[in-house]
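Structure, as structure tokens:
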Amino acid sequence: MSINEVRWLSECGSTNAYAKEHFEEFGPVGAVYTTNQTAGRGRLGRSWVNAEGRALYYTAVIREPLAQPATLPLLASLAVREQLARRYGVDCQIKWPNDLVLNKKKICGILTEMGTEFMEIKYVVMGTGINVNQEGFPDEIRETATSLYLETGKKYHRSQIIERILEALEEYYGIFVKTEDMSALLEEYNEKLVNRGQEVCVLDPKGEYRGLCQGITKTGGLLVELPDGTVTEVISGE
């Protein structure tokens with residue numbers, strides 16, 4: 001996977017929506033980003049609060065065949081985390097499957113969508129929102145969200161961040177395709193899993209339940225030990 005085109009938009013309703021509408025204009029792998037996303041949304045239909053000129057919103061557009069595309073959000077969270085740590089000294093943790101938290105507050109969210117045709121995946125768009133230079137948040141999310149600026153006191157160049165993260169995504173995907181699962185990245189992901197070894201509440205379509213987080217499997221599922229000692233693998237949910 002090699003990024004061959006990156007588009008910048010001064011304003012965009014949703015980078016994921018733009019990518020899906022224009023995906024045929026991109027090569028095998030491309031990206032679109034903006035610092036003003038007016039109609040973004042998160043996983044499970046949640047909205048994403050816009051921060052014009054202070055946050056970074058981007059979507060990777062992938063048209064080439066992929067090995068197990070459902071694992072891409074996990075790879076994306078590793079790529080963002082690794083670059084923030086390597087380049088800026090910001091050591092985030094991962095909240096399965098793909099959010100990043102810093103000091104127990106959300107700093108990044110990832111939303112992956114796929115388009116199919118005749119039962120085959122035609123494209124994958126992977127949207128990421130990173131809180132970068134915000135100096136504050138609305139009351140309803142002030143206790144659960146943070147930004148790079150609030151945590152470090154520094155301002156950041158957003159264009160440099162996206163270039164480095166896309167490079168890291170290529171690198172992680174290259175590692176992944178050698179085994180076509182998360183086995184080569186399992187230790188790194190589990191080491192940075194924020195709730196590993198702690199009690200978690202799993203929000204499942206069939207009802208929520210609690211258990212002890214044991215890490216992820218090589219296929220990307222979350223292992224949760226139930227009170228009766230049995231271990232279940234969470235494939236989807238939160």
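Starting from 1 in every chain, residues are counted up; chains themselves are A, B, ... following the order of the structure tokens, and ligands are numbered from 1 as listed.
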
- [ ] DSSP on the backbone, then: every residue of region 10-214 of chain A marked helix (DSSP H, G or I), written as a ChimeraX atom specification.
- [x] /A:15-25,43-45,69-88,139-141,148-152,158-179,186-191

TODO: Identify, on the basis of only C-alpha atoms, every residue whose closest approach to Val200 (chain A) does not exceed 10 Å; exclude the query and any residue fewer than 4 positions from it along the same chain; express the result as JSON, numbers by chain.
DONE: {"A": [195, 196, 209, 210, 211, 212, 213, 224, 225, 238]}

Task: Best match for closeness to Glu64 (chain A) among A:Ser147, A:Gln37, A:Gly27, A:Ser77, counting only C-alpha atoms - done: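 Nearest to Glu64 (chain A): A:Gly27.
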
Open item on the list: When you look at Pro205 (chain A) with a cut-off of 12 Å (counting only C-alpha atoms), what residues show up, excluding the ones that are within fewer than 5 positions of it in the same chain? I need them as a list in words.
Closed with: Leu44, Val234, Ile235, Ser236, Gly237 and Glu238 of chain A

File dump, residues just selected, N, CA and C atoms, as a tab-separated table (two decimals), in the first residue's frame:
```tsv
chain	number	residue	atom	x	y	z
A	44	LEU	N	-20.74	4.48	15.54
A	44	LEU	CA	-22.07	4.25	16.09
A	44	LEU	C	-22.97	5.47	15.94
A	234	VAL	N	-14.68	-10.47	21.66
A	234	VAL	CA	-15.58	-9.45	21.15
A	234	VAL	C	-15.09	-9.05	19.76
A	235	ILE	N	-15.93	-9.31	18.76
A	235	ILE	CA	-15.56	-9.01	17.37
A	235	ILE	C	-15.96	-7.60	16.98
A	236	SER	N	-17.12	-7.16	17.42
A	236	SER	CA	-17.60	-5.82	17.15
A	236	SER	C	-18.28	-5.29	18.39
A	237	GLY	N	-18.43	-3.98	18.45
A	237	GLY	CA	-19.05	-3.37	19.62
A	237	GLY	C	-18.11	-2.33	20.18
A	238	GLU	N	-18.22	-2.09	21.47
A	238	GLU	CA	-17.40	-1.05	22.10
A	238	GLU	C	-17.22	-1.40	23.57
```

Task: Residues of region 57-127 of chain A in strand (DSSP E or B), written as an NGL selection string - done: :A and (57-62 or 93-95 or 99-102 or 105-117 or 120-127)

Store the residues picked out above in a file with N, CA, C and O atoms, as a short mmCIF file (atom, residue, chain, number, x, y, z; two decimals), in the first residue's frame.
```
data_model
loop_
_atom_site.label_atom_id
_atom_site.label_comp_id
_atom_site.auth_asym_id
_atom_site.auth_seq_id
_atom_site.Cartn_x
_atom_site.Cartn_y
_atom_site.Cartn_z
N TYR A 57 -8.66 16.59 10.38
CA TYR A 57 -9.58 15.56 9.95
C TYR A 57 -9.10 15.03 8.60
O TYR A 57 -8.91 15.81 7.67
N TYR A 58 -8.92 13.73 8.48
CA TYR A 58 -8.46 13.20 7.21
C TYR A 58 -9.03 11.81 6.97
O TYR A 58 -9.41 11.10 7.90
N THR A 59 -9.08 11.42 5.70
CA THR A 59 -9.58 10.12 5.31
C THR A 59 -8.62 9.49 4.30
O THR A 59 -8.27 10.14 3.31
N ALA A 60 -8.21 8.28 4.58
CA ALA A 60 -7.44 7.50 3.61
C ALA A 60 -8.42 6.76 2.70
O ALA A 60 -9.40 6.18 3.17
N VAL A 61 -8.18 6.83 1.39
CA VAL A 61 -9.05 6.20 0.39
C VAL A 61 -8.29 5.03 -0.23
O VAL A 61 -7.24 5.24 -0.85
N ILE A 62 -8.79 3.83 -0.05
CA ILE A 62 -8.06 2.64 -0.49
C ILE A 62 -8.89 1.86 -1.49
O ILE A 62 -9.99 1.41 -1.18
N GLN A 93 -2.51 6.05 24.56
CA GLN A 93 -2.89 4.66 24.69
C GLN A 93 -4.10 4.39 23.81
O GLN A 93 -4.82 5.32 23.41
N ILE A 94 -4.33 3.12 23.50
CA ILE A 94 -5.40 2.73 22.59
C ILE A 94 -6.60 2.23 23.37
O ILE A 94 -6.47 1.43 24.29
N LYS A 95 -7.77 2.71 23.02
CA LYS A 95 -9.03 2.20 23.55
C LYS A 95 -9.66 1.39 22.41
O LYS A 95 -10.09 1.95 21.42
N ASP A 99 -9.89 4.09 19.15
CA ASP A 99 -9.73 5.43 19.72
C ASP A 99 -8.37 5.55 20.38
O ASP A 99 -7.78 4.55 20.81
N LEU A 100 -7.88 6.79 20.50
CA LEU A 100 -6.68 7.04 21.27
C LEU A 100 -7.03 7.94 22.45
O LEU A 100 -7.81 8.90 22.31
N VAL A 101 -6.46 7.61 23.60
CA VAL A 101 -6.70 8.43 24.79
C VAL A 101 -5.36 8.89 25.35
O VAL A 101 -4.33 8.22 25.21
N LEU A 102 -5.40 10.06 25.96
CA LEU A 102 -4.22 10.63 26.59
C LEU A 102 -4.64 11.14 27.96
O LEU A 102 -5.56 11.96 28.07
N LYS A 105 -8.35 10.75 28.57
CA LYS A 105 -9.29 11.54 27.77
C LYS A 105 -9.07 11.27 26.29
O LYS A 105 -7.93 11.06 25.84
N LYS A 106 -10.15 11.29 25.51
CA LYS A 106 -10.05 10.98 24.08
C LYS A 106 -9.36 12.10 23.32
O LYS A 106 -9.70 13.27 23.47
N ILE A 107 -8.41 11.69 22.48
CA ILE A 107 -7.70 12.68 21.66
C ILE A 107 -7.82 12.37 20.18
O ILE A 107 -7.55 13.22 19.33
N CYS A 108 -8.26 11.15 19.82
CA CYS A 108 -8.36 10.76 18.42
C CYS A 108 -9.43 9.70 18.26
O CYS A 108 -9.58 8.81 19.11
N GLY A 109 -10.21 9.80 17.17
CA GLY A 109 -11.21 8.80 16.83
C GLY A 109 -11.08 8.40 15.38
O GLY A 109 -10.65 9.20 14.53
N ILE A 110 -11.41 7.15 15.06
CA ILE A 110 -11.25 6.61 13.72
C ILE A 110 -12.55 5.93 13.29
O ILE A 110 -13.15 5.18 14.06
N LEU A 111 -12.98 6.20 12.07
CA LEU A 111 -14.21 5.61 11.52
C LEU A 111 -13.91 5.03 10.14
O LEU A 111 -13.54 5.75 9.23
N THR A 112 -14.07 3.71 10.00
CA THR A 112 -13.82 3.02 8.74
C THR A 112 -15.13 2.59 8.10
O THR A 112 -16.01 2.06 8.77
N GLU A 113 -15.27 2.84 6.79
CA GLU A 113 -16.46 2.44 6.05
C GLU A 113 -16.02 1.75 4.76
O GLU A 113 -14.98 2.08 4.19
N MET A 114 -16.83 0.80 4.32
CA MET A 114 -16.50 0.04 3.11
C MET A 114 -17.66 0.11 2.11
O MET A 114 -18.82 0.14 2.49
N GLY A 115 -17.31 0.13 0.83
CA GLY A 115 -18.29 0.07 -0.25
C GLY A 115 -18.16 -1.26 -0.97
O GLY A 115 -17.05 -1.70 -1.26
N THR A 116 -19.27 -1.93 -1.22
CA THR A 116 -19.23 -3.24 -1.87
C THR A 116 -19.98 -3.22 -3.20
O THR A 116 -20.88 -2.39 -3.41
N GLU A 117 -19.61 -4.13 -4.06
CA GLU A 117 -20.28 -4.29 -5.35
C GLU A 117 -20.18 -5.77 -5.74
O GLU A 117 -19.08 -6.32 -5.78
N GLU A 120 -18.24 -8.00 -3.36
CA GLU A 120 -16.82 -7.76 -3.21
C GLU A 120 -16.59 -6.32 -2.74
O GLU A 120 -17.35 -5.42 -3.09
N ILE A 121 -15.54 -6.13 -1.94
CA ILE A 121 -15.21 -4.79 -1.45
C ILE A 121 -14.65 -3.96 -2.58
O ILE A 121 -13.65 -4.32 -3.20
N LYS A 122 -15.31 -2.85 -2.85
CA LYS A 122 -14.89 -1.96 -3.94
C LYS A 122 -13.90 -0.90 -3.46
O LYS A 122 -12.99 -0.51 -4.18
N TYR A 123 -14.11 -0.43 -2.25
CA TYR A 123 -13.21 0.57 -1.68
C TYR A 123 -13.36 0.58 -0.16
O TYR A 123 -14.35 0.10 0.39
N VAL A 124 -12.37 1.13 0.50
CA VAL A 124 -12.40 1.35 1.95
C VAL A 124 -12.01 2.81 2.20
O VAL A 124 -11.04 3.31 1.61
N VAL A 125 -12.79 3.50 3.02
CA VAL A 125 -12.41 4.85 3.45
C VAL A 125 -12.23 4.81 4.96
O VAL A 125 -13.04 4.25 5.68
N MET A 126 -11.15 5.39 5.41
CA MET A 126 -10.81 5.34 6.83
C MET A 126 -10.59 6.76 7.34
O MET A 126 -9.57 7.38 7.05
N GLY A 127 -11.57 7.28 8.05
CA GLY A 127 -11.51 8.66 8.53
C GLY A 127 -10.94 8.75 9.93
O GLY A 127 -11.22 7.92 10.80
#
```

Excluding region 65-70 of chain A and residues on its chain fewer than 5 positions from it, collect all residues at most 8 Å away from it, counting only C-alpha atoms, and give them as a short mmCIF file (atom, residue, chain, number, x, y, z; two decimals) with all heavy atoms, in the first residue's frame.
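Result went into result06.cif, see below:
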```cif
data_model
loop_
_atom_site.label_atom_id
_atom_site.label_comp_id
_atom_site.auth_asym_id
_atom_site.auth_seq_id
_atom_site.Cartn_x
_atom_site.Cartn_y
_atom_site.Cartn_z
N VAL A 124 -12.37 1.13 0.50
CA VAL A 124 -12.40 1.35 1.95
C VAL A 124 -12.01 2.81 2.20
O VAL A 124 -11.04 3.31 1.61
CB VAL A 124 -11.40 0.43 2.68
CG1 VAL A 124 -11.40 0.74 4.18
CG2 VAL A 124 -11.74 -1.03 2.44
N VAL A 177 0.69 -7.45 6.18
CA VAL A 177 0.44 -8.35 5.04
C VAL A 177 1.40 -9.54 5.01
O VAL A 177 1.12 -10.54 4.34
CB VAL A 177 0.51 -7.60 3.70
CG1 VAL A 177 -0.60 -6.59 3.58
CG2 VAL A 177 1.87 -6.93 3.51
N GLU A 180 -0.79 -11.57 7.33
CA GLU A 180 -2.22 -11.40 7.10
C GLU A 180 -3.03 -11.51 8.39
O GLU A 180 -4.20 -11.90 8.38
CB GLU A 180 -2.74 -12.37 6.04
CG GLU A 180 -2.13 -12.13 4.67
CD GLU A 180 -2.86 -12.85 3.56
OE1 GLU A 180 -3.86 -13.51 3.85
OE2 GLU A 180 -2.42 -12.72 2.40
N ASP A 181 -2.40 -11.18 9.50
CA ASP A 181 -3.11 -11.04 10.77
C ASP A 181 -2.28 -10.14 11.67
O ASP A 181 -1.25 -9.60 11.25
CB ASP A 181 -3.40 -12.40 11.42
CG ASP A 181 -2.15 -13.19 11.75
OD1 ASP A 181 -1.10 -12.58 12.01
OD2 ASP A 181 -2.22 -14.43 11.75
#
```

- [ ] May I have the residues within 9 Å of Gln134 (chain A) as a PyMOL selection string, using only C-alpha atoms and disregarding those fewer than 6 positions away in the same chain?
- [x] chain A and resi 51+53-55+146-150

Task: For region 78-89 of chain A: contacts at 10 Å, only C-alpha atoms, fewer than 5 positions along chain excluded, given as a VMD selection string - done: chain A and resid 72 to 73 94 98 to 101 108 128 130 148 152 154 156 161 to 162 164 to 173 185 188 to 189 192

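When only C-alpha atoms are used to compute distances to Leu222 (chain A), the closest of the residues A:Gly197, A:Pro97, A:Ile175, A:Asn131 turns out to be A:Pro97.
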
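Across the model, the gap from CA of Leu193 (chain A) to CA of Cys92 (chain A) is 9.6 Å.
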
Open item on the list: As an exercise, work out the distance from CA of Phe137 (chain A) to CA of Asp91 (chain A) in Å and give it to one decimal place.
Closed with: 21.2 Å

Task: For Leu75 (chain A), the nearest of the candidates A:Tyr18, A:Phe23, A:Trp96, A:Tyr33, counting only C-alpha atoms - done: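 Nearest to Leu75 (chain A): A:Trp96.
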